[in-house]
Every structure is written in C-alpha cells, then in structure tokens.
file query_7.cif (mmCIF, C-alpha atoms and all ligand atoms)
data_start
loop_
_atom_site.label_atom_id
_atom_site.label_comp_id
_atom_site.auth_asym_id
_atom_site.auth_seq_id
_atom_site.Cartn_x
_atom_site.Cartn_y
_atom_site.Cartn_z
CA MET A 1 124.55 65.22 126.35
CA THR A 2 123.12 63.84 123.17
CA HIS A 3 119.88 65.79 123.30
CA ILE A 4 118.38 68.80 125.04
CA LYS A 5 114.75 69.26 126.00
CA VAL A 6 112.94 72.57 125.79
CA THR A 7 109.35 73.56 126.58
CA VAL A 8 107.57 75.40 123.79
CA LYS A 9 104.51 77.52 124.39
CA GLN A 10 102.44 79.51 121.90
CA VAL A 11 101.36 82.68 123.70
CA GLY A 12 97.58 82.89 123.89
CA LYS A 13 97.17 79.13 123.79
CA LYS A 14 97.05 76.92 126.86
CA HIS A 15 98.78 73.99 125.28
CA GLN A 16 102.53 73.62 125.70
CA ARG A 17 104.86 70.83 124.72
CA GLU A 18 108.32 69.45 125.28
CA ILE A 19 110.60 69.09 122.29
CA ARG A 20 113.85 67.12 122.05
CA LEU A 21 116.54 68.90 120.04
CA ASP A 22 120.18 68.57 119.06
CA PRO A 23 122.48 70.45 121.46
CA HIS A 24 123.51 73.20 119.03
CA THR A 25 120.01 74.18 117.96
CA THR A 26 119.30 77.93 117.79
CA ILE A 27 115.92 79.61 118.23
CA ALA A 28 115.88 80.26 114.48
CA ASP A 29 116.39 76.52 113.85
CA LEU A 30 113.55 75.71 116.22
CA LEU A 31 111.20 78.15 114.45
CA ARG A 32 112.04 76.56 111.11
CA LYS A 33 111.35 73.13 112.57
CA LEU A 34 107.97 74.33 113.84
CA GLY A 35 107.11 75.93 110.51
CA SER A 36 106.91 79.43 112.06
CA SER A 37 108.21 82.39 110.10
CA ARG A 38 110.69 84.44 112.11
CA GLU A 39 109.28 87.60 110.49
CA THR A 40 105.91 87.04 112.14
CA VAL A 41 106.82 86.07 115.70
CA VAL A 42 108.67 87.38 118.71
CA VAL A 43 110.33 84.78 120.90
CA ARG A 44 110.85 84.95 124.64
CA ARG A 45 113.51 82.65 126.06
CA ASN A 46 113.07 82.17 129.79
CA GLU A 47 110.91 85.31 129.89
CA LYS A 48 113.34 87.50 127.96
CA ILE A 49 113.10 88.59 124.33
CA VAL A 50 116.38 87.54 122.76
CA ALA A 51 118.06 87.36 119.34
CA GLU A 52 117.04 84.27 117.41
CA GLU A 53 120.63 83.20 116.82
CA GLU A 54 120.98 82.32 120.51
CA ARG A 55 121.58 78.61 121.12
CA LEU A 56 119.06 76.79 123.23
CA SER A 57 119.95 75.06 126.49
CA ASP A 58 118.39 72.09 128.22
CA GLY A 59 115.31 73.11 130.23
CA ASP A 60 114.65 76.40 128.37
CA LEU A 61 111.12 77.77 128.29
CA ILE A 62 110.42 79.16 124.82
CA GLU A 63 107.36 81.34 124.33
CA ILE A 64 106.30 82.22 120.80
CA LEU A 65 104.21 85.32 120.31
CA THR A 66 102.54 85.82 116.94
CA ILE A 67 102.68 89.49 115.98
CA VAL A 68 101.04 89.54 112.58
CA THR A 69 97.39 90.33 113.09
CA GLY A 70 96.23 91.09 109.56
CA GLY A 71 93.74 93.90 109.30
CA MET B 72 124.45 85.12 125.07
CA LEU B 73 124.66 87.49 122.11
CA LYS B 74 125.59 91.11 122.69
CA CYS B 75 124.32 94.39 121.25
CA THR B 76 126.66 95.67 118.53
CA PHE B 77 126.36 99.21 119.88
CA CYS B 78 126.44 98.97 123.67
CA GLY B 79 127.31 95.40 124.64
CA ARG B 80 124.10 94.63 126.56
CA ARG B 81 122.27 91.40 125.81
CA ALA B 82 120.80 91.48 122.31
CA ALA B 83 117.04 91.29 121.88
CA TYR B 84 117.06 91.33 118.10
CA HIS B 85 119.23 90.42 115.16
CA ARG B 86 118.68 93.00 112.41
CA ARG B 87 119.79 90.69 109.68
CA TYR B 88 119.47 93.09 106.75
CA ALA B 89 122.00 95.39 108.42
CA GLY B 90 124.13 92.69 110.04
CA VAL B 91 123.80 94.12 113.56
CA LEU B 92 122.49 92.96 116.92
CA LEU B 93 120.38 95.32 119.02
CA CYS B 94 119.52 95.32 122.73
CA ASP B 95 116.10 96.48 123.94
CA ARG B 96 117.23 100.09 124.45
CA CYS B 97 119.06 100.39 121.14
CA LEU B 98 116.10 98.86 119.24
CA ILE B 99 113.69 101.35 120.83
CA LYS B 100 116.05 104.23 120.04
CA SER B 101 116.50 103.07 116.47
CA VAL B 102 112.77 102.80 115.75
CA ALA B 103 112.13 106.24 117.25
CA LYS B 104 114.93 107.64 115.11
CA ARG B 105 113.43 106.22 111.91
CA PHE B 106 110.05 107.62 112.83
CA ARG B 107 111.55 111.10 113.27
CA ARG B 108 113.60 110.83 110.12
CA ALA B 109 110.53 109.91 108.06
CA ILE B 110 108.64 112.91 109.44
CA ALA B 111 111.52 115.29 108.73
CA GLU B 112 112.37 113.90 105.31
CA HIS B 113 108.82 114.11 103.97
CA GLN B 114 107.74 117.16 106.03
CA MET B 115 104.87 115.09 107.34
CA ILE B 116 103.87 117.37 110.19
CA SER B 117 103.68 121.16 110.07
CA PRO B 118 104.64 123.28 113.08
CA ARG B 119 101.67 123.75 115.42
CA GLY B 120 99.64 121.42 113.18
CA ARG B 121 96.79 119.21 114.27
CA VAL B 122 97.36 115.52 113.56
CA ALA B 123 94.63 112.91 113.54
CA LEU B 124 95.81 109.33 114.12
CA ALA B 125 93.95 106.18 113.14
CA VAL B 126 94.21 103.77 116.09
CA SER B 127 92.97 100.20 116.01
CA GLY B 128 94.49 99.13 119.31
CA GLY B 129 97.00 96.82 117.62
CA LYS B 130 100.76 97.06 118.11
CA ASP B 131 101.42 99.35 115.15
CA SER B 132 98.91 102.07 115.96
CA ILE B 133 99.61 101.96 119.70
CA ALA B 134 103.35 102.27 119.05
CA LEU B 135 102.67 105.19 116.70
CA MET B 136 100.40 106.86 119.26
CA HIS B 137 103.18 106.81 121.83
CA LEU B 138 105.75 108.09 119.34
CA LEU B 139 103.45 110.84 118.06
CA ALA B 140 102.33 111.89 121.53
CA GLU B 141 105.93 112.52 122.51
CA TYR B 142 106.74 114.23 119.22
CA CYS B 143 103.68 116.49 119.36
CA LYS B 144 104.44 117.52 122.92
CA GLN B 145 107.91 118.64 121.88
CA LYS B 146 106.79 120.37 118.71
CA ASN B 147 103.64 121.94 120.07
CA CYS B 148 101.32 120.06 117.74
CA GLU B 149 97.90 118.72 118.62
CA LEU B 150 97.09 115.04 118.41
CA VAL B 151 93.68 113.41 118.23
CA ALA B 152 93.23 109.63 118.00
CA ILE B 153 90.36 108.11 116.02
CA THR B 154 89.23 104.50 116.30
CA ILE B 155 86.94 103.11 113.63
CA ASP B 156 84.83 100.40 115.22
CA GLU B 157 83.87 98.23 112.26
CA GLY B 158 81.90 95.88 114.44
CA ILE B 159 83.92 92.67 114.26
CA LYS B 160 82.85 90.45 117.12
CA GLY B 161 85.61 88.91 119.20
CA TYR B 162 88.20 91.21 117.64
CA ARG B 163 87.39 94.90 117.65
CA ASN B 164 85.53 94.78 120.95
CA ARG B 165 88.82 93.68 122.51
CA SER B 166 91.08 96.19 120.77
CA VAL B 167 88.95 99.32 121.24
CA PRO B 168 89.39 99.36 125.05
CA MET B 169 93.14 99.00 124.48
CA ALA B 170 93.16 102.06 122.20
CA ARG B 171 91.13 104.09 124.70
CA GLU B 172 93.31 103.07 127.64
CA ASN B 173 96.50 104.13 125.86
CA ALA B 174 94.99 107.45 124.73
CA GLU B 175 93.86 108.18 128.27
CA SER B 176 97.21 107.33 129.81
CA LEU B 177 98.91 109.67 127.32
CA GLY B 178 96.31 112.41 127.66
CA VAL B 179 95.48 112.21 123.95
CA GLU B 180 92.06 113.38 122.72
CA TYR B 181 90.16 110.28 121.60
CA VAL B 182 87.06 109.54 119.53
CA VAL B 183 85.37 106.35 118.31
CA VAL B 184 83.37 106.23 115.08
CA SER B 185 81.35 103.13 114.33
CA PHE B 186 80.16 101.49 111.11
CA LYS B 187 76.88 100.83 112.88
CA LEU B 188 76.16 104.52 113.38
CA ALA B 189 77.51 105.69 110.03
CA PHE B 190 76.04 102.97 107.80
CA GLY B 191 73.38 101.36 109.97
CA ALA B 192 75.24 98.02 109.91
CA THR B 193 78.36 96.48 111.40
CA LEU B 194 80.98 94.82 109.21
CA ASP B 195 79.76 91.45 110.50
CA GLN B 196 76.27 92.30 109.21
CA MET B 197 77.67 93.55 105.88
CA VAL B 198 79.57 90.29 105.42
CA LYS B 199 76.33 88.34 105.93
CA LEU B 200 74.48 90.59 103.47
CA ALA B 201 77.29 90.21 100.93
CA LYS B 202 76.98 86.42 101.12
CA LEU B 203 73.19 86.57 100.85
CA LYS B 204 73.35 88.89 97.84
CA LYS B 205 76.26 86.97 96.32
CA THR B 206 78.33 90.10 95.66
CA GLY B 207 81.49 88.01 95.44
CA LEU B 208 83.43 90.67 97.34
CA ASN B 209 85.50 89.79 100.36
CA PRO B 210 85.23 91.40 103.81
CA CYS B 211 88.54 93.29 103.45
CA THR B 212 87.14 95.18 100.46
CA TYR B 213 84.16 96.49 102.45
CA CYS B 214 86.23 97.12 105.52
CA GLY B 215 89.09 98.91 103.75
CA VAL B 216 86.98 101.21 101.57
CA MET B 217 84.54 102.21 104.29
CA ARG B 218 87.11 102.60 107.03
CA ARG B 219 89.15 104.93 104.81
CA SER B 220 86.12 107.00 104.02
CA LEU B 221 85.07 107.36 107.67
CA LEU B 222 88.62 108.16 108.76
CA ASN B 223 88.81 110.95 106.24
CA GLN B 224 85.45 112.41 107.23
CA ALA B 225 86.24 112.16 110.95
CA ALA B 226 89.67 113.78 110.50
CA ARG B 227 88.08 116.60 108.50
CA GLU B 228 85.37 117.19 111.10
CA LEU B 229 88.03 117.23 113.81
CA GLU B 230 89.84 119.92 111.76
CA ALA B 231 93.03 117.92 111.50
CA ASP B 232 95.50 118.99 108.81
CA LYS B 233 97.12 115.52 108.62
CA LEU B 234 95.83 111.99 109.04
CA ALA B 235 98.48 109.55 110.27
CA THR B 236 98.15 105.81 109.77
CA ALA B 237 100.40 103.15 111.28
CA HIS B 238 101.31 101.35 108.05
CA ASN B 239 104.69 99.67 108.48
CA LEU B 240 107.18 98.50 105.86
CA ASP B 241 105.46 95.12 105.54
CA ASP B 242 102.07 96.76 104.90
CA GLU B 243 103.55 99.06 102.30
CA VAL B 244 105.41 96.33 100.42
CA GLN B 245 102.35 94.07 100.52
CA ALA B 246 100.32 96.89 98.96
CA ILE B 247 102.94 97.39 96.25
CA MET B 248 102.94 93.68 95.40
CA LEU B 249 99.15 93.46 95.48
CA ASN B 250 98.87 96.26 92.94
CA TYR B 251 101.43 94.52 90.74
CA VAL B 252 99.46 91.31 90.87
CA ARG B 253 96.26 93.18 90.06
CA ALA B 254 97.97 95.40 87.47
CA ASP B 255 96.41 98.41 89.17
CA LEU B 256 98.60 101.31 88.08
CA SER B 257 96.57 104.14 89.56
CA ARG B 258 96.42 102.51 93.00
CA LEU B 259 100.11 101.72 92.81
CA HIS B 260 100.84 105.33 92.02
CA ARG B 261 98.92 106.54 95.07
CA LEU B 262 101.14 104.62 97.50
CA GLY B 263 103.81 106.57 99.29
CA PRO B 264 104.97 108.18 102.53
CA THR B 265 102.49 111.00 102.06
CA TYR B 266 99.40 111.36 99.98
CA PRO B 267 99.25 114.35 97.60
CA PRO B 268 96.84 117.03 98.85
CA GLN B 269 93.40 116.98 97.24
CA LYS B 270 90.28 118.94 97.94
CA GLY B 271 88.07 117.26 100.53
CA PHE B 272 90.81 114.87 101.64
CA VAL B 273 92.91 115.24 104.74
CA PRO B 274 96.48 114.52 103.56
CA ARG B 275 97.69 111.18 104.88
CA ILE B 276 101.07 110.41 106.39
CA LYS B 277 102.77 107.10 107.24
CA PRO B 278 105.61 107.71 109.71
CA LEU B 279 106.34 103.98 110.26
CA ARG B 280 106.60 103.17 106.58
CA GLU B 281 110.30 102.31 106.80
CA VAL B 282 110.10 100.13 109.90
CA LEU B 283 109.67 96.35 109.56
CA GLU B 284 106.53 94.96 111.18
CA LYS B 285 108.67 92.81 113.47
CA GLU B 286 110.61 95.87 114.65
CA VAL B 287 107.39 97.78 115.38
CA ALA B 288 106.21 94.78 117.43
CA LEU B 289 109.52 94.65 119.29
CA TYR B 290 109.30 98.39 119.94
CA ALA B 291 105.84 97.94 121.47
CA LEU B 292 106.73 94.85 123.51
CA LEU B 293 110.13 96.05 124.71
CA SER B 294 108.61 99.40 125.72
CA GLY B 295 106.00 97.50 127.73
CA LEU B 296 103.06 99.02 125.84
CA LYS B 297 99.62 97.51 126.24
CA VAL B 298 98.58 96.27 122.81
CA HIS B 299 95.99 93.95 121.34
CA LEU B 300 97.54 91.03 119.43
CA GLY B 301 94.39 89.32 118.20
CA VAL B 302 94.03 88.09 114.64
CA CYS B 303 91.29 89.57 112.46
CA PRO B 304 88.85 86.72 111.74
CA TYR B 305 88.45 87.93 108.15
CA ALA B 306 92.15 87.91 107.24
CA SER B 307 92.42 85.55 104.29
CA GLY B 308 92.81 85.32 100.55
CA ILE B 309 95.40 86.99 98.38
CA HIS B 310 96.51 89.47 101.06
CA THR B 311 97.74 86.73 103.35
CA GLU B 312 99.29 84.77 100.48
CA ILE B 313 101.33 87.81 99.45
CA ARG B 314 102.31 88.44 103.05
CA ASP B 315 103.52 84.86 103.51
CA PHE B 316 105.42 84.98 100.24
CA LEU B 317 107.19 88.22 101.22
CA ASN B 318 108.06 86.84 104.65
CA GLU B 319 109.65 83.77 103.17
CA LEU B 320 111.62 85.94 100.79
CA GLU B 321 112.81 88.14 103.67
CA THR B 322 113.84 85.14 105.78
CA ASN B 323 115.91 83.66 102.99
CA HIS B 324 117.12 86.97 101.57
CA PRO B 325 117.17 89.66 104.25
CA ASN B 326 116.56 93.21 102.95
CA SER B 327 114.16 92.10 100.20
CA LYS B 328 111.33 94.21 101.59
CA PHE B 329 113.46 97.37 101.62
CA MET B 330 114.66 96.63 98.10
CA ILE B 331 111.08 96.30 96.80
CA LEU B 332 110.23 99.63 98.43
CA ARG B 333 113.33 101.35 96.99
CA MET B 334 112.64 100.02 93.52
CA PHE B 335 109.08 101.28 93.72
CA GLU B 336 110.31 104.73 94.76
CA ARG B 337 112.63 104.86 91.77
CA LEU B 338 109.79 103.87 89.47
CA LYS B 339 107.22 106.20 90.99
CA PRO B 340 108.02 109.37 89.02
CA HIS B 341 107.76 107.35 85.80
CA ILE B 342 104.49 105.77 86.87
CA ALA B 343 103.11 109.28 87.45
CA ARG B 344 103.68 110.16 83.79
CA VAL B 345 101.58 107.27 82.49
CA THR B 346 98.81 107.34 85.10
CA PRO B 347 95.62 109.07 83.97
CA LYS B 348 94.48 111.96 86.18
CA PHE B 349 90.92 111.98 87.42
CA GLU B 350 88.70 115.01 87.93
CA MET B 351 87.36 114.90 91.47
CA ARG B 352 83.76 115.79 92.23
CA ARG B 353 81.21 115.30 94.97
CA CYS B 354 79.49 111.94 95.40
CA GLU B 355 75.85 112.30 94.40
CA LEU B 356 74.75 110.30 97.43
CA CYS B 357 76.96 111.38 100.31
CA GLY B 358 78.90 114.44 99.12
CA GLU B 359 82.36 112.98 99.74
CA GLN B 360 84.96 113.50 97.01
CA THR B 361 85.15 110.88 94.25
CA SER B 362 86.28 110.44 90.67
CA ALA B 363 82.99 108.79 89.64
CA ASP B 364 79.32 109.77 90.05
CA ILE B 365 79.08 108.02 93.38
CA CYS B 366 81.92 107.17 95.71
CA LYS B 367 83.26 103.69 96.23
CA SER B 368 81.76 103.27 99.69
CA CYS B 369 78.29 104.38 98.53
CA GLU B 370 78.62 101.96 95.61
CA LEU B 371 79.44 99.08 97.96
CA LEU B 372 76.65 100.06 100.37
CA LYS B 373 74.17 100.24 97.49
CA GLY B 374 75.09 96.70 96.50
CA LEU B 375 74.13 95.58 100.01
CA GLY B 376 70.88 97.55 100.10
CA LEU B 377 72.39 99.97 102.63
CA LYS B 378 73.28 103.64 102.52
CA ARG B 379 75.39 106.17 104.29
CA LEU B 380 73.28 107.84 106.95
CA GLN B 381 73.58 111.60 106.62
CA LYS B 382 75.19 112.43 109.90
CA THR B 383 78.15 114.28 111.17
CA LEU B 384 80.36 111.67 112.77
CA ILE B 385 81.74 113.80 115.57
CA SER B 386 79.28 115.62 117.77
CA PRO B 387 80.43 119.19 118.37
CA LYS B 388 81.97 119.81 121.75
CA CYS B 389 80.11 122.02 124.18
CA SER B 390 82.43 124.77 125.32
ZN ZN A 401 122.42 98.37 122.85
ZN ZN A 402 79.30 108.53 98.62
#
call {"tool": "encode", "arguments": {"input": "query_7.cif", "output": "structure tokens"}}
result
Amino acid sequence: MTHIKVTVKQVGKKHQREIRLDPHTTIADLLRKLGSSRETVVVRRNEKIVAEEERLSDGDLIEILTIVTGG
Amino acid sequence: MLKCTFCGRRAAYHRRYAGVLLCDRCLIKSVAKRFRRAIAEHQMISPRGRVALAVSGGKDSIALMHLLAEYCKQKNCELVAITIDEGIKGYRNRSVPMARENAESLGVEYVVVSFKLAFGATLDQMVKLAKLKKTGLNPCTYCGVMRRSLLNQAARELEADKLATAHNLDDEVQAIMLNYVRADLSRLHRLGPTYPPQKGFVPRIKPLREVLEKEVALYALLSGLKVHLGVCPYASGIHTEIRDFLNELETNHPNSKFMILRMFERLKPHIARVTPKFEMRRCELCGEQTSADICKSCELLKGLGLKRLQKTLISPKCS
C-alpha cells in the first residue's frame, strides 16, 4: 500500500476529516502534521487511549481531546 | 502495539522524560504515588486535619478531589471542597455541576462561593466595567486575585487548617517563568509546594505540583472520572504564550519542565535572602491580611467602582 487513510476527529467538534498518510506514520507524526502539541492533547485510537509512538493503520479512527483549559 | 514497561499490558502513555511506557493501571498508580510522596515529603497534611480543596470542576481539581478523598478516609482527615463561581458564562456554569456531582458521589462536604454574592458583580460584569473604565488590566488579573482572596476566606470560615489547590507541574513552571519575565522576585519567592504559614492565611498545599498536566489528564480520563474540559474564554495574553513556549520546549527536549522546577528549588533559599519581608496588617476596607493599606482585591474592586460586601461567605450550619 502506498498510502493509508485515517479519520481524524477533534473531540467536542462535529467536524471530522479523512487524512492520507504514509504507511509508517505514528500518532506523534500526525499531531505534528496537524500542528497540535502532544503536551496538550490526549489521543484515542479506535476508542482506546494509546502511546503516541504507535503506528497508524489504514481505517483508524483518531480522536483528539484537548486537555489544556487555561484558567 | 506498544507494551507497558512494567507489566506488559498495552501502553496508554509514553513517559518520554523517563524513557518508559505505561499502561492505564500503571499510570494511575504512578500518579497516585507521586501525590502521596508530595504530601509526605512536605508534610502537607497533619493527622486528623481538616483540608479545604479548591475545585473548579476541571480535570486537575476533580482528579485531586478523588485522590484526597481516598487519602483522607485512610488518614482520618476531613475534606471540604470549595468552588468559586466567578460568573463566566458558558464556562463556569458547566463546570460547577461537575464539581458538585463528583463531591456528592464521594460523599465530600461541598460549598459554592460566588463573585456575585461577595462583590456584587460576576467576573463577566467586572470585565465589562474594566473595559469601560479603561483600567488596562486583563480578566485573569481580576479573576486570580479575587478568587484567591475568597478561597482563603472560605477556607478560614470552614475552619480548615490547609487549603489544597490542584496546580500541576505545568502550572507551577508557567508561574516560575512568568515571574522571571516580569522580574517579580517576591512573587517568585512565594511559589512552592507549600506556602509559609502567616496570620490570617490558611496555609496552601499543592499535592500535584510534580505531575505533568498531561499525566493528570490521563489519570482523570483513564480512571473514568467525570470532568469538564471546556476552555476559559478569557485565556489569552502572556500566560498562554508562556504555556505554548514551555510545551514546545518539552516536546523537543523532554524533562525541561522538571529541570526548570529543580533549578528554581535550588535557587529558592538564595532568593529568600534578597527578598524584602513585608509587615502584614489588616486591610482598611475588608479586614483581610495585606502588606499595604488596602488589599489587592479591594484595590481592584475600587478601580471598578465596586466593593467587597461585608458578609460571611459560608452560612453557619444549623445543628
Ligand atoms: Zn502496566
Ligand atoms: Zn480588602
């Protein structure tokens, strides 16, 4: 496979989108690509909170939860 | 799939600064252990003491409420949770019910104190007044000063001997950096795991001070706690810039936050020697302790044409 496709959802927002990625992309790589700081989010991969060094697979559902509330 | 370094279950978190992977159970255990270590190391809670806890309903304070409730049960201490309702529409009205729900489920005594009752105005109204009167001060200044003052008064009225706040490592390091940037030596000196006892002030403790914000969030989420994850509409300015800067540093150089904290702790005894000591006296307007003629919150209120309403915050219980 030359590319994988994952669905990315920001928790609390309705909008979700499909992103095409290289096969060896990790969650940390994806966050960098999206401009999200890994210190300020928790990521669920297919409904499970997992380490951000896990490599993504085709068809994954990635939910990004922002944890920094400020105040 | 990545495995937990300690037990081999699927990892939920990569603790990069320590080079280990943690599963949900091991992360929860590790955070609880740090909480207990901080309490023991700094003798934060006295046997059979009465601890007041500031609870906003966010992940940090809800996590701390659960940790403290368990701790206090074991150690025979009393716990009372206080929510300060600043009156921030769309934010606090969602987090207050969360705080109450958690307190009720844990059987923790719970009180709410509002800006509206104490000062005759919500924070939203103060922000409008500040704009109208062109005070040039930002919402966080009003909120921070007045919330601290009410928390102290409420904790005192509730006869607590300690006031716990849910400041995490990120909060603490942000405060250190902010005081550097502002060259505020006396504020810098007052930061720490505990706050030195002073007349009229309930000593403050920060049991989550050595836990990264992300790890507190993971603790709350992996434990299945009900927390409010909204963003304060007033969060802006230098606070958020410093936060973003520190997060970038931590991403590229894990352990930076701990190192800033450690360096501060090494410097602290030296800072004490060059920091002027203030005589404390009673505020001429409200009677709370202050180093000036009137306290900071009365000064801010005065600037808005408001004043502290002379009231006890907590109505005495009928027994
Ligand atoms: Zn484990
Ligand atoms: Zn005053």
call {"tool": "interface_residues", "arguments": {"input": "query_7.cif", "of": "chain A", "to": "chain B", "cutoff": "9 Å", "atoms": "only C-alpha atoms", "output": "JSON list (two decimals) with C-alpha atoms, in the coordinates of the input"}}
result
[["chain", "number", "residue", "atom", "x", "y", "z"],
["A", 37, "SER", "CA", 108.21, 82.39, 110.10],
["A", 38, "ARG", "CA", 110.69, 84.44, 112.11],
["A", 39, "GLU", "CA", 109.28, 87.60, 110.49],
["A", 40, "THR", "CA", 105.91, 87.04, 112.14],
["A", 41, "VAL", "CA", 106.82, 86.07, 115.70],
["A", 42, "VAL", "CA", 108.67, 87.38, 118.71],
["A", 48, "LYS", "CA", 113.34, 87.50, 127.96],
["A", 49, "ILE", "CA", 113.10, 88.59, 124.33],
["A", 50, "VAL", "CA", 116.38, 87.54, 122.76],
["A", 51, "ALA", "CA", 118.06, 87.36, 119.34],
["A", 52, "GLU", "CA", 117.04, 84.27, 117.41],
["A", 53, "GLU", "CA", 120.63, 83.20, 116.82],
["A", 54, "GLU", "CA", 120.98, 82.32, 120.51],
["A", 55, "ARG", "CA", 121.58, 78.61, 121.12],
["A", 65, "LEU", "CA", 104.21, 85.32, 120.31],
["A", 66, "THR", "CA", 102.54, 85.82, 116.94],
["A", 67, "ILE", "CA", 102.68, 89.49, 115.98],
["A", 68, "VAL", "CA", 101.04, 89.54, 112.58],
["A", 69, "THR", "CA", 97.39, 90.33, 113.09],
["A", 70, "GLY", "CA", 96.23, 91.09, 109.56],
["A", 71, "GLY", "CA", 93.74, 93.90, 109.30]]
call {"tool": "residues_around", "arguments": {"input": "query_7.cif", "residues": "range 219-236 of chain B", "least_positions_apart": "5", "cutoff": "6 Å", "atoms": "all atoms listed in the file", "output": "VMD selection string"}}
result
chain B and resid 121 to 125 273 to 277
call {"tool": "residues_around", "arguments": {"input": "query_7.cif", "residues": "Lys187 in chain B", "least_positions_apart": "6", "cutoff": "9 Å", "atoms": "all atoms listed in the file", "output": "ChimeraX atom specification"}}
result
/B:156-158,193-194
call {"tool": "write_last_selection", "arguments": {"input": "query_7.cif", "atoms": "C-alpha atoms", "output": "PDB file, in the frame of the given file"}}
result
ATOM      1  CA  ASP B 156      84.830 100.400 115.220  1.00  0.00           C
ATOM      2  CA  GLU B 157      83.870  98.230 112.260  1.00  0.00           C
ATOM      3  CA  GLY B 158      81.900  95.880 114.440  1.00  0.00           C
ATOM      4  CA  THR B 193      78.360  96.480 111.400  1.00  0.00           C
ATOM      5  CA  LEU B 194      80.980  94.820 109.210  1.00  0.00           C
TER       6      LEU B 194
END
call {"tool": "axis_aligned_box", "arguments": {"input": "query_7.cif", "around": "range 32-40 of chain A", "padding_each_side": "4 Å", "output": "lines of an AutoDock Vina configuration file"}}
result
center_x = 109.0
center_y = 80.4
center_z = 112.0
size_x = 14.1
size_y = 22.5
size_z = 11.7
call {"tool": "closest_residue", "arguments": {"input": "query_7.cif", "among": "A:Ile62, A:His24, A:Val6, A:Gly12", "to": "Asn46 in chain A", "atoms": "all atoms listed in the file"}}
result
A:Ile62
call {"tool": "closest_atom_pairs", "arguments": {"input": "query_7.cif", "of": "chain B", "to": "ligand ZN 402 (chain A)", "cutoff": "6 Å", "atoms": "all atoms listed in the file", "output": "CSV"}}
result
residue,atom,partner,partner_atom,distance
B:Cys354,CA,A:ZN402,ZN,4.7
B:Leu356,CA,A:ZN402,ZN,5.0
B:Cys357,CA,A:ZN402,ZN,4.1
B:Gly358,CA,A:ZN402,ZN,5.9
B:Glu359,CA,A:ZN402,ZN,5.5
B:Ile365,CA,A:ZN402,ZN,5.3
B:Cys366,CA,A:ZN402,ZN,4.1
B:Ser368,CA,A:ZN402,ZN,5.9
B:Cys369,CA,A:ZN402,ZN,4.3
call {"tool": "write_last_selection", "arguments": {"input": "query_7.cif", "atoms": "C-alpha atoms", "output": "mmCIF file, in the coordinates of the input"}}
result
data_model
loop_
_atom_site.group_PDB
_atom_site.id
_atom_site.type_symbol
_atom_site.label_atom_id
_atom_site.label_comp_id
_atom_site.auth_asym_id
_atom_site.auth_seq_id
_atom_site.Cartn_x
_atom_site.Cartn_y
_atom_site.Cartn_z
ATOM 1 C CA CYS B 354 79.490 111.940 95.400
ATOM 2 C CA LEU B 356 74.750 110.300 97.430
ATOM 3 C CA CYS B 357 76.960 111.380 100.310
ATOM 4 C CA GLY B 358 78.900 114.440 99.120
ATOM 5 C CA GLU B 359 82.360 112.980 99.740
ATOM 6 C CA ILE B 365 79.080 108.020 93.380
ATOM 7 C CA CYS B 366 81.920 107.170 95.710
ATOM 8 C CA SER B 368 81.760 103.270 99.690
ATOM 9 C CA CYS B 369 78.290 104.380 98.530
#
call {"tool": "residues_around", "arguments": {"input": "query_7.cif", "residues": "Arg253 in chain B", "least_positions_apart": "5", "cutoff": "12 Å", "atoms": "all atoms listed in the file", "output": "MDAnalysis selection string"}}
result
chainID B and resid 246:248 258:259 309:310 313
call {"tool": "residues_near_point", "arguments": {"input": "query_7.cif", "point": "(108.3, 124.9, 118.9)", "cutoff": "9 Å", "atoms": "only C-alpha atoms", "output": "ChimeraX atom specification"}}
result
/B:118-119,145-148
call {"tool": "residues_around", "arguments": {"input": "query_7.cif", "residues": "Gly178 in chain B", "least_positions_apart": "6", "cutoff": "10 Å", "atoms": "only C-alpha atoms", "output": "mmCIF file with C-alpha atoms, in the coordinates of the input"}}
result
data_model
loop_
_atom_site.group_PDB
_atom_site.id
_atom_site.type_symbol
_atom_site.label_atom_id
_atom_site.label_comp_id
_atom_site.auth_asym_id
_atom_site.auth_seq_id
_atom_site.Cartn_x
_atom_site.Cartn_y
_atom_site.Cartn_z
ATOM 1 C CA ALA B 140 102.330 111.890 121.530
ATOM 2 C CA LEU B 150 97.090 115.040 118.410
ATOM 3 C CA VAL B 151 93.680 113.410 118.230
ATOM 4 C CA GLU B 172 93.310 103.070 127.640
#
call {"tool": "residues_around", "arguments": {"input": "query_7.cif", "residues": "Lys33 in chain A", "least_positions_apart": "5", "cutoff": "12 Å", "atoms": "all atoms listed in the file", "output": "list in words"}}
result
Ile19, Arg20, Leu21, Asp22, Thr25, Thr26, Ile27, Ala28 and Arg38 of chain A
call {"tool": "atom_distance", "arguments": {"input": "query_7.cif", "atom1": "CA of Leu177 in chain B", "atom2": "CA of Tyr290 in chain B"}}
result
17.0 Å
call {"tool": "closest_residue", "arguments": {"input": "query_7.cif", "among": "B:Gly79, B:Gly207, B:Gly376, B:Pro340", "to": "Cys97 in chain B", "atoms": "all atoms listed in the file"}}
result
B:Gly79
call {"tool": "atom_distance", "arguments": {"input": "query_7.cif", "atom1": "CA of Lys5 in chain A", "atom2": "CA of Glu18 in chain A"}}
result
6.5 Å
call {"tool": "atom_distance", "arguments": {"input": "query_7.cif", "atom1": "CA of Lys13 in chain A", "atom2": "CA of Pro210 in chain B"}}
result
26.3 Å
